[in-house]
>>> print(open('entry-v6.txt').read())   # compact mmCIF, N, CA and C atoms
# COMPACT_ATOMS: atom_id res chain seq x y z
N MET I 1 102.90 -3.09 -15.24
CA MET I 1 103.24 -3.78 -14.03
C MET I 1 103.51 -2.83 -12.87
N LYS I 2 103.66 -1.56 -13.13
CA LYS I 2 103.92 -0.62 -12.04
C LYS I 2 102.78 -0.62 -11.03
N SER I 3 101.54 -0.78 -11.49
CA SER I 3 100.41 -0.77 -10.56
C SER I 3 100.47 -1.97 -9.62
N ILE I 4 100.93 -3.11 -10.10
CA ILE I 4 101.07 -4.29 -9.25
C ILE I 4 102.13 -4.04 -8.19
N ALA I 5 103.21 -3.39 -8.55
CA ALA I 5 104.28 -3.13 -7.58
C ALA I 5 103.80 -2.27 -6.42
N LYS I 6 102.80 -1.44 -6.64
CA LYS I 6 102.29 -0.57 -5.58
C LYS I 6 101.19 -1.23 -4.76
N THR I 7 100.79 -2.44 -5.11
CA THR I 7 99.69 -3.11 -4.43
C THR I 7 100.05 -3.40 -2.99
N LYS I 8 99.18 -3.00 -2.08
CA LYS I 8 99.36 -3.31 -0.67
C LYS I 8 98.70 -4.64 -0.32
N TRP I 9 97.53 -4.88 -0.88
CA TRP I 9 96.85 -6.14 -0.70
C TRP I 9 96.01 -6.40 -1.93
N PHE I 10 95.69 -7.65 -2.11
CA PHE I 10 95.04 -8.08 -3.34
C PHE I 10 93.99 -9.12 -2.99
N ILE I 11 92.79 -8.95 -3.47
CA ILE I 11 91.74 -9.95 -3.28
C ILE I 11 91.53 -10.65 -4.61
N SER I 12 91.70 -11.96 -4.60
CA SER I 12 91.56 -12.74 -5.82
C SER I 12 90.36 -13.66 -5.71
N TYR I 13 89.47 -13.62 -6.69
CA TYR I 13 88.30 -14.49 -6.68
C TYR I 13 88.56 -15.79 -7.43
N LYS I 14 89.38 -15.75 -8.43
CA LYS I 14 89.73 -16.96 -9.16
C LYS I 14 91.24 -16.96 -9.35
N LEU I 15 91.90 -17.70 -8.49
CA LEU I 15 93.35 -17.72 -8.54
C LEU I 15 93.86 -18.62 -9.65
N THR I 16 94.93 -18.20 -10.28
CA THR I 16 95.68 -19.04 -11.20
C THR I 16 97.13 -18.88 -10.81
N SER I 17 97.81 -19.97 -10.63
CA SER I 17 99.14 -19.94 -10.05
C SER I 17 100.11 -19.00 -10.74
N LYS I 18 100.19 -19.03 -12.06
CA LYS I 18 101.18 -18.19 -12.75
C LYS I 18 100.95 -16.71 -12.50
N GLY I 19 99.76 -16.25 -12.78
CA GLY I 19 99.47 -14.83 -12.61
C GLY I 19 99.46 -14.40 -11.16
N THR I 20 98.90 -15.25 -10.31
CA THR I 20 98.80 -14.90 -8.91
C THR I 20 100.16 -14.91 -8.23
N ALA I 21 101.05 -15.79 -8.63
CA ALA I 21 102.38 -15.84 -8.02
C ALA I 21 103.12 -14.53 -8.23
N GLU I 22 103.01 -13.96 -9.41
CA GLU I 22 103.67 -12.68 -9.68
C GLU I 22 103.09 -11.57 -8.81
N ILE I 23 101.78 -11.55 -8.70
CA ILE I 23 101.13 -10.54 -7.85
C ILE I 23 101.49 -10.78 -6.39
N ALA I 24 101.43 -12.02 -5.95
CA ALA I 24 101.70 -12.35 -4.55
C ALA I 24 103.13 -12.00 -4.14
N GLN I 25 104.07 -12.10 -5.07
CA GLN I 25 105.45 -11.73 -4.76
C GLN I 25 105.57 -10.25 -4.43
N ARG I 26 104.75 -9.45 -5.05
CA ARG I 26 104.84 -8.00 -4.87
C ARG I 26 103.87 -7.45 -3.82
N ALA I 27 102.83 -8.19 -3.54
CA ALA I 27 101.80 -7.73 -2.60
C ALA I 27 102.22 -8.03 -1.16
N ASN I 28 101.70 -7.24 -0.24
CA ASN I 28 101.94 -7.49 1.17
C ASN I 28 101.01 -8.58 1.70
N LEU I 29 99.87 -8.75 1.06
CA LEU I 29 98.86 -9.68 1.53
C LEU I 29 98.01 -10.14 0.35
N LEU I 30 97.68 -11.43 0.32
CA LEU I 30 96.81 -11.97 -0.72
C LEU I 30 95.61 -12.61 -0.01
N ILE I 31 94.43 -12.13 -0.30
CA ILE I 31 93.20 -12.59 0.35
C ILE I 31 92.40 -13.42 -0.64
N GLN I 32 92.10 -14.66 -0.24
CA GLN I 32 91.31 -15.57 -1.08
C GLN I 32 89.94 -15.77 -0.45
N PRO I 33 88.88 -15.20 -1.03
CA PRO I 33 87.54 -15.48 -0.51
C PRO I 33 87.16 -16.93 -0.80
N THR I 34 86.50 -17.56 0.14
CA THR I 34 86.04 -18.93 -0.05
C THR I 34 84.76 -19.16 0.74
N SER I 35 83.90 -19.95 0.18
CA SER I 35 82.69 -20.33 0.92
C SER I 35 83.02 -21.57 1.75
N ALA I 36 82.02 -22.12 2.40
CA ALA I 36 82.22 -23.28 3.26
C ALA I 36 82.23 -24.59 2.49
N THR I 37 81.97 -24.56 1.21
CA THR I 37 81.92 -25.81 0.45
C THR I 37 83.32 -26.33 0.17
N ARG I 38 83.44 -27.62 0.15
CA ARG I 38 84.74 -28.23 -0.19
C ARG I 38 85.13 -27.86 -1.62
N ALA I 39 84.13 -27.62 -2.47
CA ALA I 39 84.40 -27.22 -3.85
C ALA I 39 85.14 -25.89 -3.90
N ASP I 40 84.99 -25.04 -2.90
CA ASP I 40 85.74 -23.78 -2.79
C ASP I 40 86.99 -23.94 -1.94
N LEU I 41 86.84 -24.61 -0.79
CA LEU I 41 87.94 -24.70 0.17
C LEU I 41 89.15 -25.46 -0.38
N GLU I 42 88.91 -26.61 -0.94
CA GLU I 42 90.03 -27.44 -1.38
C GLU I 42 90.84 -26.79 -2.51
N PRO I 43 90.21 -26.20 -3.53
CA PRO I 43 91.02 -25.50 -4.53
C PRO I 43 91.78 -24.30 -3.95
N ALA I 44 91.18 -23.60 -2.99
CA ALA I 44 91.87 -22.46 -2.37
C ALA I 44 93.12 -22.93 -1.63
N VAL I 45 93.00 -24.01 -0.89
CA VAL I 45 94.16 -24.55 -0.16
C VAL I 45 95.20 -25.08 -1.15
N ARG I 46 94.75 -25.76 -2.20
CA ARG I 46 95.71 -26.25 -3.22
C ARG I 46 96.45 -25.08 -3.86
N GLU I 47 95.73 -24.00 -4.15
CA GLU I 47 96.37 -22.84 -4.77
C GLU I 47 97.39 -22.22 -3.82
N PHE I 48 97.03 -22.09 -2.55
CA PHE I 48 97.97 -21.55 -1.58
C PHE I 48 99.19 -22.48 -1.46
N ASN I 49 98.97 -23.80 -1.46
CA ASN I 49 100.10 -24.74 -1.43
C ASN I 49 101.02 -24.51 -2.62
N SER I 50 100.44 -24.30 -3.78
CA SER I 50 101.22 -24.04 -4.99
C SER I 50 102.03 -22.76 -4.85
N LEU I 51 101.41 -21.72 -4.31
CA LEU I 51 102.12 -20.45 -4.13
C LEU I 51 103.27 -20.59 -3.15
N VAL I 52 103.06 -21.34 -2.08
CA VAL I 52 104.14 -21.56 -1.10
C VAL I 52 105.30 -22.30 -1.77
N LYS I 53 104.99 -23.29 -2.60
CA LYS I 53 106.04 -24.02 -3.32
C LYS I 53 106.82 -23.10 -4.26
N GLN I 54 106.18 -22.00 -4.69
CA GLN I 54 106.84 -21.04 -5.57
C GLN I 54 107.56 -19.95 -4.77
N GLY I 55 107.63 -20.13 -3.46
CA GLY I 55 108.39 -19.21 -2.63
C GLY I 55 107.60 -18.11 -1.95
N ILE I 56 106.29 -18.14 -2.04
CA ILE I 56 105.46 -17.13 -1.38
C ILE I 56 105.31 -17.52 0.09
N SER I 57 105.53 -16.57 0.98
CA SER I 57 105.40 -16.84 2.42
C SER I 57 103.94 -17.11 2.78
N PRO I 58 103.68 -18.16 3.57
CA PRO I 58 102.31 -18.42 4.02
C PRO I 58 101.74 -17.26 4.83
N LYS I 59 102.59 -16.43 5.40
CA LYS I 59 102.12 -15.28 6.17
C LYS I 59 101.41 -14.26 5.29
N LYS I 60 101.68 -14.28 3.99
CA LYS I 60 101.05 -13.34 3.06
C LYS I 60 99.71 -13.85 2.54
N LEU I 61 99.37 -15.09 2.87
CA LEU I 61 98.19 -15.74 2.31
C LEU I 61 97.12 -15.89 3.39
N ILE I 62 95.94 -15.37 3.12
CA ILE I 62 94.87 -15.43 4.11
C ILE I 62 93.54 -15.69 3.42
N LEU I 63 92.69 -16.42 4.11
CA LEU I 63 91.38 -16.77 3.57
C LEU I 63 90.30 -15.90 4.20
N LEU I 64 89.34 -15.53 3.38
CA LEU I 64 88.17 -14.78 3.82
C LEU I 64 86.96 -15.68 3.65
N LEU I 65 86.35 -16.06 4.75
CA LEU I 65 85.16 -16.91 4.69
C LEU I 65 83.97 -16.05 4.32
N ASN I 66 83.28 -16.45 3.26
CA ASN I 66 82.11 -15.67 2.84
C ASN I 66 80.99 -16.58 2.37
N ASN I 67 79.84 -15.98 2.21
CA ASN I 67 78.64 -16.69 1.76
C ASN I 67 78.24 -17.81 2.73
N LEU I 68 78.52 -17.59 4.01
CA LEU I 68 78.17 -18.57 5.03
C LEU I 68 76.70 -18.44 5.40
N ILE I 69 76.13 -19.54 5.88
CA ILE I 69 74.71 -19.55 6.23
C ILE I 69 74.51 -19.48 7.75
N THR I 70 75.28 -20.25 8.51
CA THR I 70 75.09 -20.32 9.96
C THR I 70 76.42 -20.21 10.70
N PRO I 71 76.38 -19.84 11.98
CA PRO I 71 77.60 -19.86 12.79
C PRO I 71 78.22 -21.26 12.89
N ALA I 72 77.38 -22.29 12.90
CA ALA I 72 77.91 -23.66 12.94
C ALA I 72 78.71 -23.97 11.68
N GLU I 73 78.26 -23.48 10.55
CA GLU I 73 78.98 -23.66 9.30
C GLU I 73 80.32 -22.94 9.35
N GLU I 74 80.33 -21.74 9.91
CA GLU I 74 81.58 -21.00 10.06
C GLU I 74 82.55 -21.76 10.95
N LYS I 75 82.06 -22.27 12.07
CA LYS I 75 82.91 -23.02 13.01
C LYS I 75 83.50 -24.26 12.34
N ALA I 76 82.68 -25.01 11.63
CA ALA I 76 83.15 -26.21 10.95
C ALA I 76 84.20 -25.88 9.89
N THR I 77 84.00 -24.78 9.19
CA THR I 77 84.95 -24.36 8.16
C THR I 77 86.28 -23.95 8.79
N ARG I 78 86.21 -23.20 9.86
CA ARG I 78 87.44 -22.80 10.56
C ARG I 78 88.17 -24.02 11.11
N THR I 79 87.43 -24.99 11.63
CA THR I 79 88.04 -26.23 12.14
C THR I 79 88.76 -26.96 11.02
N TYR I 80 88.12 -27.06 9.87
CA TYR I 80 88.76 -27.70 8.71
C TYR I 80 90.04 -26.97 8.32
N LEU I 81 89.99 -25.65 8.30
CA LEU I 81 91.15 -24.86 7.86
C LEU I 81 92.28 -24.86 8.89
N GLU I 82 91.99 -25.20 10.14
CA GLU I 82 93.05 -25.33 11.13
C GLU I 82 94.02 -26.45 10.77
N LEU I 83 93.59 -27.37 9.92
CA LEU I 83 94.44 -28.46 9.48
C LEU I 83 95.47 -28.01 8.44
N THR I 84 95.30 -26.80 7.94
CA THR I 84 96.24 -26.24 6.96
C THR I 84 97.17 -25.26 7.67
N ASN I 85 98.11 -24.73 6.95
CA ASN I 85 99.02 -23.72 7.49
C ASN I 85 98.53 -22.31 7.21
N TYR I 86 97.29 -22.15 6.83
CA TYR I 86 96.80 -20.85 6.40
C TYR I 86 95.81 -20.27 7.40
N HIS I 87 95.83 -18.97 7.49
CA HIS I 87 94.97 -18.27 8.43
C HIS I 87 93.73 -17.74 7.73
N CYS I 88 92.69 -17.56 8.53
CA CYS I 88 91.45 -16.93 8.08
C CYS I 88 91.34 -15.58 8.75
N LEU I 89 90.72 -14.65 8.07
CA LEU I 89 90.38 -13.40 8.73
C LEU I 89 89.43 -13.71 9.89
N PRO I 90 89.51 -12.95 10.97
CA PRO I 90 88.68 -13.25 12.14
C PRO I 90 87.19 -13.01 11.94
N TYR I 91 86.83 -12.28 10.91
CA TYR I 91 85.43 -12.01 10.63
C TYR I 91 85.06 -12.65 9.30
N ALA I 92 83.83 -13.11 9.21
CA ALA I 92 83.34 -13.76 8.00
C ALA I 92 82.13 -13.00 7.48
N LEU I 93 81.82 -13.22 6.22
CA LEU I 93 80.63 -12.63 5.61
C LEU I 93 79.57 -13.71 5.43
N TYR I 94 78.42 -13.47 5.97
CA TYR I 94 77.30 -14.39 5.82
C TYR I 94 76.50 -14.02 4.58
N ALA I 95 75.85 -15.00 4.01
CA ALA I 95 75.01 -14.78 2.83
C ALA I 95 73.84 -13.89 3.23
N ARG I 96 73.74 -12.75 2.60
CA ARG I 96 72.66 -11.81 2.90
C ARG I 96 72.13 -11.22 1.59
N ALA I 97 70.83 -11.15 1.49
CA ALA I 97 70.21 -10.57 0.29
C ALA I 97 70.62 -9.12 0.12
N SER I 98 70.84 -8.41 1.21
CA SER I 98 71.20 -6.99 1.11
C SER I 98 72.58 -6.80 0.48
N TYR I 99 73.50 -7.74 0.69
CA TYR I 99 74.80 -7.66 0.01
C TYR I 99 74.61 -7.80 -1.50
N ARG I 100 73.80 -8.79 -1.89
CA ARG I 100 73.56 -9.00 -3.32
C ARG I 100 72.86 -7.80 -3.93
N GLN I 101 71.91 -7.23 -3.21
CA GLN I 101 71.18 -6.07 -3.72
C GLN I 101 72.13 -4.89 -3.92
N ALA I 102 73.02 -4.66 -2.96
CA ALA I 102 73.98 -3.57 -3.09
C ALA I 102 74.84 -3.77 -4.33
N GLN I 103 75.30 -5.00 -4.55
CA GLN I 103 76.13 -5.27 -5.72
C GLN I 103 75.32 -5.12 -7.01
N ASN I 104 74.05 -5.51 -6.99
CA ASN I 104 73.19 -5.31 -8.16
C ASN I 104 73.02 -3.84 -8.50
N GLU I 105 73.12 -2.99 -7.49
CA GLU I 105 73.00 -1.55 -7.68
C GLU I 105 74.34 -0.88 -7.96
N GLY I 106 75.39 -1.68 -8.12
CA GLY I 106 76.71 -1.13 -8.41
C GLY I 106 77.43 -0.60 -7.19
N LYS I 107 76.99 -0.99 -6.02
CA LYS I 107 77.61 -0.55 -4.78
C LYS I 107 78.49 -1.66 -4.21
N SER I 108 79.36 -1.27 -3.30
CA SER I 108 80.12 -2.28 -2.57
C SER I 108 79.30 -2.73 -1.38
N ILE I 109 79.68 -3.85 -0.78
CA ILE I 109 78.91 -4.33 0.36
C ILE I 109 79.05 -3.41 1.57
N SER I 110 80.05 -2.56 1.57
CA SER I 110 80.19 -1.60 2.68
C SER I 110 79.20 -0.44 2.56
N GLU I 111 78.50 -0.36 1.44
CA GLU I 111 77.55 0.73 1.21
C GLU I 111 76.10 0.33 1.46
N ILE I 112 75.89 -0.79 2.13
CA ILE I 112 74.52 -1.21 2.39
C ILE I 112 73.88 -0.33 3.45
N SER I 113 72.56 -0.31 3.45
CA SER I 113 71.84 0.60 4.35
C SER I 113 71.61 0.01 5.74
N TYR I 114 71.77 -1.29 5.91
CA TYR I 114 71.55 -1.91 7.21
C TYR I 114 72.78 -1.71 8.10
N GLN I 115 72.58 -0.99 9.19
CA GLN I 115 73.69 -0.62 10.07
C GLN I 115 74.42 -1.83 10.65
N SER I 116 73.69 -2.86 11.07
CA SER I 116 74.34 -4.01 11.69
C SER I 116 75.25 -4.72 10.69
N LEU I 117 74.80 -4.88 9.46
CA LEU I 117 75.64 -5.51 8.44
C LEU I 117 76.79 -4.60 8.04
N SER I 118 76.53 -3.32 7.98
CA SER I 118 77.58 -2.36 7.66
C SER I 118 78.69 -2.40 8.70
N LYS I 119 78.32 -2.54 9.97
CA LYS I 119 79.31 -2.64 11.05
C LYS I 119 80.14 -3.91 10.90
N GLN I 120 79.51 -5.02 10.50
CA GLN I 120 80.25 -6.27 10.31
C GLN I 120 81.26 -6.13 9.18
N VAL I 121 80.87 -5.48 8.10
CA VAL I 121 81.79 -5.26 6.98
C VAL I 121 82.94 -4.38 7.43
N LYS I 122 82.66 -3.35 8.21
CA LYS I 122 83.70 -2.47 8.71
C LYS I 122 84.69 -3.24 9.59
N LYS I 123 84.20 -4.13 10.44
CA LYS I 123 85.08 -4.95 11.28
C LYS I 123 85.98 -5.82 10.41
N LEU I 124 85.40 -6.38 9.36
CA LEU I 124 86.18 -7.20 8.43
C LEU I 124 87.28 -6.37 7.78
N LEU I 125 86.93 -5.20 7.27
CA LEU I 125 87.92 -4.33 6.63
C LEU I 125 88.98 -3.88 7.62
N ASP I 126 88.58 -3.56 8.83
CA ASP I 126 89.54 -3.17 9.86
C ASP I 126 90.51 -4.31 10.17
N SER I 127 90.01 -5.55 10.17
CA SER I 127 90.89 -6.69 10.44
C SER I 127 91.93 -6.85 9.34
N ILE I 128 91.57 -6.52 8.10
CA ILE I 128 92.55 -6.55 7.01
C ILE I 128 93.60 -5.48 7.22
N LEU I 129 93.17 -4.29 7.57
CA LEU I 129 94.11 -3.18 7.79
C LEU I 129 95.04 -3.46 8.96
N GLU I 130 94.56 -4.15 9.99
CA GLU I 130 95.42 -4.50 11.12
C GLU I 130 96.55 -5.43 10.70
N ILE I 131 96.27 -6.31 9.78
CA ILE I 131 97.29 -7.25 9.29
C ILE I 131 98.37 -6.50 8.53
N LEU I 132 97.96 -5.50 7.77
CA LEU I 132 98.92 -4.73 6.98
C LEU I 132 99.78 -3.89 7.89
>>> encode(input="entry-v6.txt", output="structure tokens")
Amino acid sequence: MKSIAKTKWFISYKLTSKGTAEIAQRANLLIQPTSATRADLEPAVREFNSLVKQGISPKKLILLLNNLITPAEEKATRTYLELTNYHCLPYALYARASYRQAQNEGKSISEISYQSLSKQVKKLLDSILEIL
């Protein structure tokens, strides 16, 4: 558990209240990636609601919009999430074959060769660091 105590931020792809609550108590920030589908959004919001009921500050909980297709989809998703008490990172990740290819090659999405996409990932990472 010592490694959890040193966590500055944590990205969870599949949250479970018991395990995540312990991590969230010790972390400065918990980032939940979600796509624009209600199948992703609603469980993410329910999980955050559960964490808040367990005493986790909503200020520590933030959503990362990913796998988006269009700017209109991003706008609609942000509008939906405005109805909750949770914030989204200001930058989103759009579905791109180059991200998948990088991951297939064992790389992170920040290691892609396309400069424009690499800059977008850097902006996203910088926005996380600004919150911390």
>>> closest_residue(input="entry-v6.txt", among="I:Ser118, I:Gln54, I:Ala36, I:Phe48", to="I:Arg78", atoms="all atoms listed in the file")
I:Ala36
>>> select_by_dssp(input="entry-v6.txt", residues="stretch 12-110 of chain I", states="strand (DSSP E or B)", output="PyMOL selection string")
chain I and resi 29-34+61-65+68+87-88+94
>>> write_last_selection(input="entry-v6.txt", atoms="N, CA and C atoms", output="PDB file, in the coordinates of the input")
ATOM      1  N   LEU I  29      99.870  -8.750   1.060  1.00  0.00           N
ATOM      2  CA  LEU I  29      98.860  -9.680   1.530  1.00  0.00           C
ATOM      3  C   LEU I  29      98.010 -10.140   0.350  1.00  0.00           C
ATOM      4  N   LEU I  30      97.680 -11.430   0.320  1.00  0.00           N
ATOM      5  CA  LEU I  30      96.810 -11.970  -0.720  1.00  0.00           C
ATOM      6  C   LEU I  30      95.610 -12.610  -0.010  1.00  0.00           C
ATOM      7  N   ILE I  31      94.430 -12.130  -0.300  1.00  0.00           N
ATOM      8  CA  ILE I  31      93.200 -12.590   0.350  1.00  0.00           C
ATOM      9  C   ILE I  31      92.400 -13.420  -0.640  1.00  0.00           C
ATOM     10  N   GLN I  32      92.100 -14.660  -0.240  1.00  0.00           N
ATOM     11  CA  GLN I  32      91.310 -15.570  -1.080  1.00  0.00           C
ATOM     12  C   GLN I  32      89.940 -15.770  -0.450  1.00  0.00           C
ATOM     13  N   PRO I  33      88.880 -15.200  -1.030  1.00  0.00           N
ATOM     14  CA  PRO I  33      87.540 -15.480  -0.510  1.00  0.00           C
ATOM     15  C   PRO I  33      87.160 -16.930  -0.800  1.00  0.00           C
ATOM     16  N   THR I  34      86.500 -17.560   0.140  1.00  0.00           N
ATOM     17  CA  THR I  34      86.040 -18.930  -0.050  1.00  0.00           C
ATOM     18  C   THR I  34      84.760 -19.160   0.740  1.00  0.00           C
ATOM     19  N   LEU I  61      99.370 -15.090   2.870  1.00  0.00           N
ATOM     20  CA  LEU I  61      98.190 -15.740   2.310  1.00  0.00           C
ATOM     21  C   LEU I  61      97.120 -15.890   3.390  1.00  0.00           C
ATOM     22  N   ILE I  62      95.940 -15.370   3.120  1.00  0.00           N
ATOM     23  CA  ILE I  62      94.870 -15.430   4.110  1.00  0.00           C
ATOM     24  C   ILE I  62      93.540 -15.690   3.420  1.00  0.00           C
ATOM     25  N   LEU I  63      92.690 -16.420   4.110  1.00  0.00           N
ATOM     26  CA  LEU I  63      91.380 -16.770   3.570  1.00  0.00           C
ATOM     27  C   LEU I  63      90.300 -15.900   4.200  1.00  0.00           C
ATOM     28  N   LEU I  64      89.340 -15.530   3.380  1.00  0.00           N
ATOM     29  CA  LEU I  64      88.170 -14.780   3.820  1.00  0.00           C
ATOM     30  C   LEU I  64      86.960 -15.680   3.650  1.00  0.00           C
ATOM     31  N   LEU I  65      86.350 -16.060   4.750  1.00  0.00           N
ATOM     32  CA  LEU I  65      85.160 -16.910   4.690  1.00  0.00           C
ATOM     33  C   LEU I  65      83.970 -16.050   4.320  1.00  0.00           C
ATOM     34  N   LEU I  68      78.520 -17.590   4.010  1.00  0.00           N
ATOM     35  CA  LEU I  68      78.170 -18.570   5.030  1.00  0.00           C
ATOM     36  C   LEU I  68      76.700 -18.440   5.400  1.00  0.00           C
ATOM     37  N   HIS I  87      95.830 -18.970   7.490  1.00  0.00           N
ATOM     38  CA  HIS I  87      94.970 -18.270   8.430  1.00  0.00           C
ATOM     39  C   HIS I  87      93.730 -17.740   7.730  1.00  0.00           C
ATOM     40  N   CYS I  88      92.690 -17.560   8.530  1.00  0.00           N
ATOM     41  CA  CYS I  88      91.450 -16.930   8.080  1.00  0.00           C
ATOM     42  C   CYS I  88      91.340 -15.580   8.750  1.00  0.00           C
ATOM     43  N   TYR I  94      78.420 -13.470   5.970  1.00  0.00           N
ATOM     44  CA  TYR I  94      77.300 -14.390   5.820  1.00  0.00           C
ATOM     45  C   TYR I  94      76.500 -14.020   4.580  1.00  0.00           C
TER      46      TYR I  94
END
>>> atom_distance(input="entry-v6.txt", atom1="atom CA of I:Leu30", atom2="atom CA of I:Lys60")
5.8 Å
>>> closest_residue(input="entry-v6.txt", among="I:Ile23, I:Ala92, I:Ile112, I:Ala97", to="I:Glu73", atoms="only C-alpha atoms")
I:Ala92
>>> atom_distance(input="entry-v6.txt", atom1="atom CA of I:Leu29", atom2="atom CA of I:Leu61")
6.1 Å
>>> residues_around(input="entry-v6.txt", residues="I:Ala102", least_positions_apart="6", cutoff="6.5 Å", atoms="only N, CA and C atoms", output="list of chain:residue names")
I:Ser108, I:Ile109, I:Glu111, I:Ile112
>>> residues_around(input="entry-v6.txt", residues="I:Asn67", least_positions_apart="6", cutoff="8 Å", atoms="only C-alpha atoms", output="PyMOL selection string")
chain I and resi 34-36+93-96
>>> residues_around(input="entry-v6.txt", residues="I:Leu89", least_positions_apart="2", cutoff="8 Å", atoms="only N, CA and C atoms", output="number ranges by chain")
I: 62-65, 86-87, 91-92, 124, 127-128
>>> closest_residue(input="entry-v6.txt", among="I:Ser113, I:Thr84, I:Gln25, I:Thr79", to="I:Ser98", atoms="all atoms listed in the file")
I:Ser113
>>> atom_distance(input="entry-v6.txt", atom1="atom N of I:Pro33", atom2="atom CA of I:Glu47")
11.3 Å
>>> decode(input="entry-v6.txt", residues="stretch 98-119 of chain I", atoms="N, CA and C atoms", output="compact mmCIF listing (two decimals), in the first residue's frame")
# COMPACT_ATOMS: atom_id res chain seq x y z
N SER I 98 -4.13 6.20 -35.33
CA SER I 98 -2.72 6.31 -34.91
C SER I 98 -2.56 6.08 -33.41
N TYR I 99 -3.56 6.42 -32.60
CA TYR I 99 -3.49 6.10 -31.17
C TYR I 99 -3.51 4.59 -30.97
N ARG I 100 -4.42 3.93 -31.69
CA ARG I 100 -4.52 2.47 -31.57
C ARG I 100 -3.24 1.80 -32.05
N GLN I 101 -2.68 2.30 -33.14
CA GLN I 101 -1.45 1.73 -33.67
C GLN I 101 -0.31 1.88 -32.67
N ALA I 102 -0.20 3.05 -32.05
CA ALA I 102 0.85 3.26 -31.05
C ALA I 102 0.70 2.25 -29.92
N GLN I 103 -0.52 2.06 -29.45
CA GLN I 103 -0.75 1.10 -28.37
C GLN I 103 -0.46 -0.32 -28.82
N ASN I 104 -0.79 -0.65 -30.06
CA ASN I 104 -0.46 -1.98 -30.59
C ASN I 104 1.04 -2.23 -30.62
N GLU I 105 1.80 -1.15 -30.75
CA GLU I 105 3.26 -1.25 -30.78
C GLU I 105 3.88 -1.13 -29.40
N GLY I 106 3.04 -1.09 -28.36
CA GLY I 106 3.55 -0.99 -27.00
C GLY I 106 3.95 0.41 -26.59
N LYS I 107 3.49 1.39 -27.33
CA LYS I 107 3.81 2.79 -27.03
C LYS I 107 2.61 3.46 -26.36
N SER I 108 2.89 4.59 -25.73
CA SER I 108 1.79 5.40 -25.21
C SER I 108 1.29 6.30 -26.32
N ILE I 109 0.12 6.88 -26.14
CA ILE I 109 -0.41 7.75 -27.19
C ILE I 109 0.41 9.03 -27.33
N SER I 110 1.21 9.35 -26.34
CA SER I 110 2.07 10.54 -26.45
C SER I 110 3.29 10.27 -27.34
N GLU I 111 3.48 9.02 -27.74
CA GLU I 111 4.64 8.66 -28.57
C GLU I 111 4.29 8.51 -30.05
N ILE I 112 3.14 9.00 -30.45
CA ILE I 112 2.76 8.88 -31.85
C ILE I 112 3.60 9.81 -32.72
N SER I 113 3.69 9.48 -33.99
CA SER I 113 4.56 10.25 -34.89
C SER I 113 3.88 11.48 -35.48
N TYR I 114 2.57 11.57 -35.41
CA TYR I 114 1.86 12.73 -35.96
C TYR I 114 1.94 13.90 -35.00
N GLN I 115 2.57 14.97 -35.44
CA GLN I 115 2.83 16.12 -34.58
C GLN I 115 1.54 16.77 -34.06
N SER I 116 0.52 16.90 -34.90
CA SER I 116 -0.71 17.56 -34.46
C SER I 116 -1.39 16.77 -33.35
N LEU I 117 -1.42 15.45 -33.48
CA LEU I 117 -2.02 14.62 -32.43
C LEU I 117 -1.14 14.60 -31.19
N SER I 118 0.15 14.59 -31.39
CA SER I 118 1.08 14.62 -30.26
C SER I 118 0.90 15.90 -29.45
N LYS I 119 0.68 17.02 -30.14
CA LYS I 119 0.46 18.30 -29.45
C LYS I 119 -0.84 18.26 -28.65
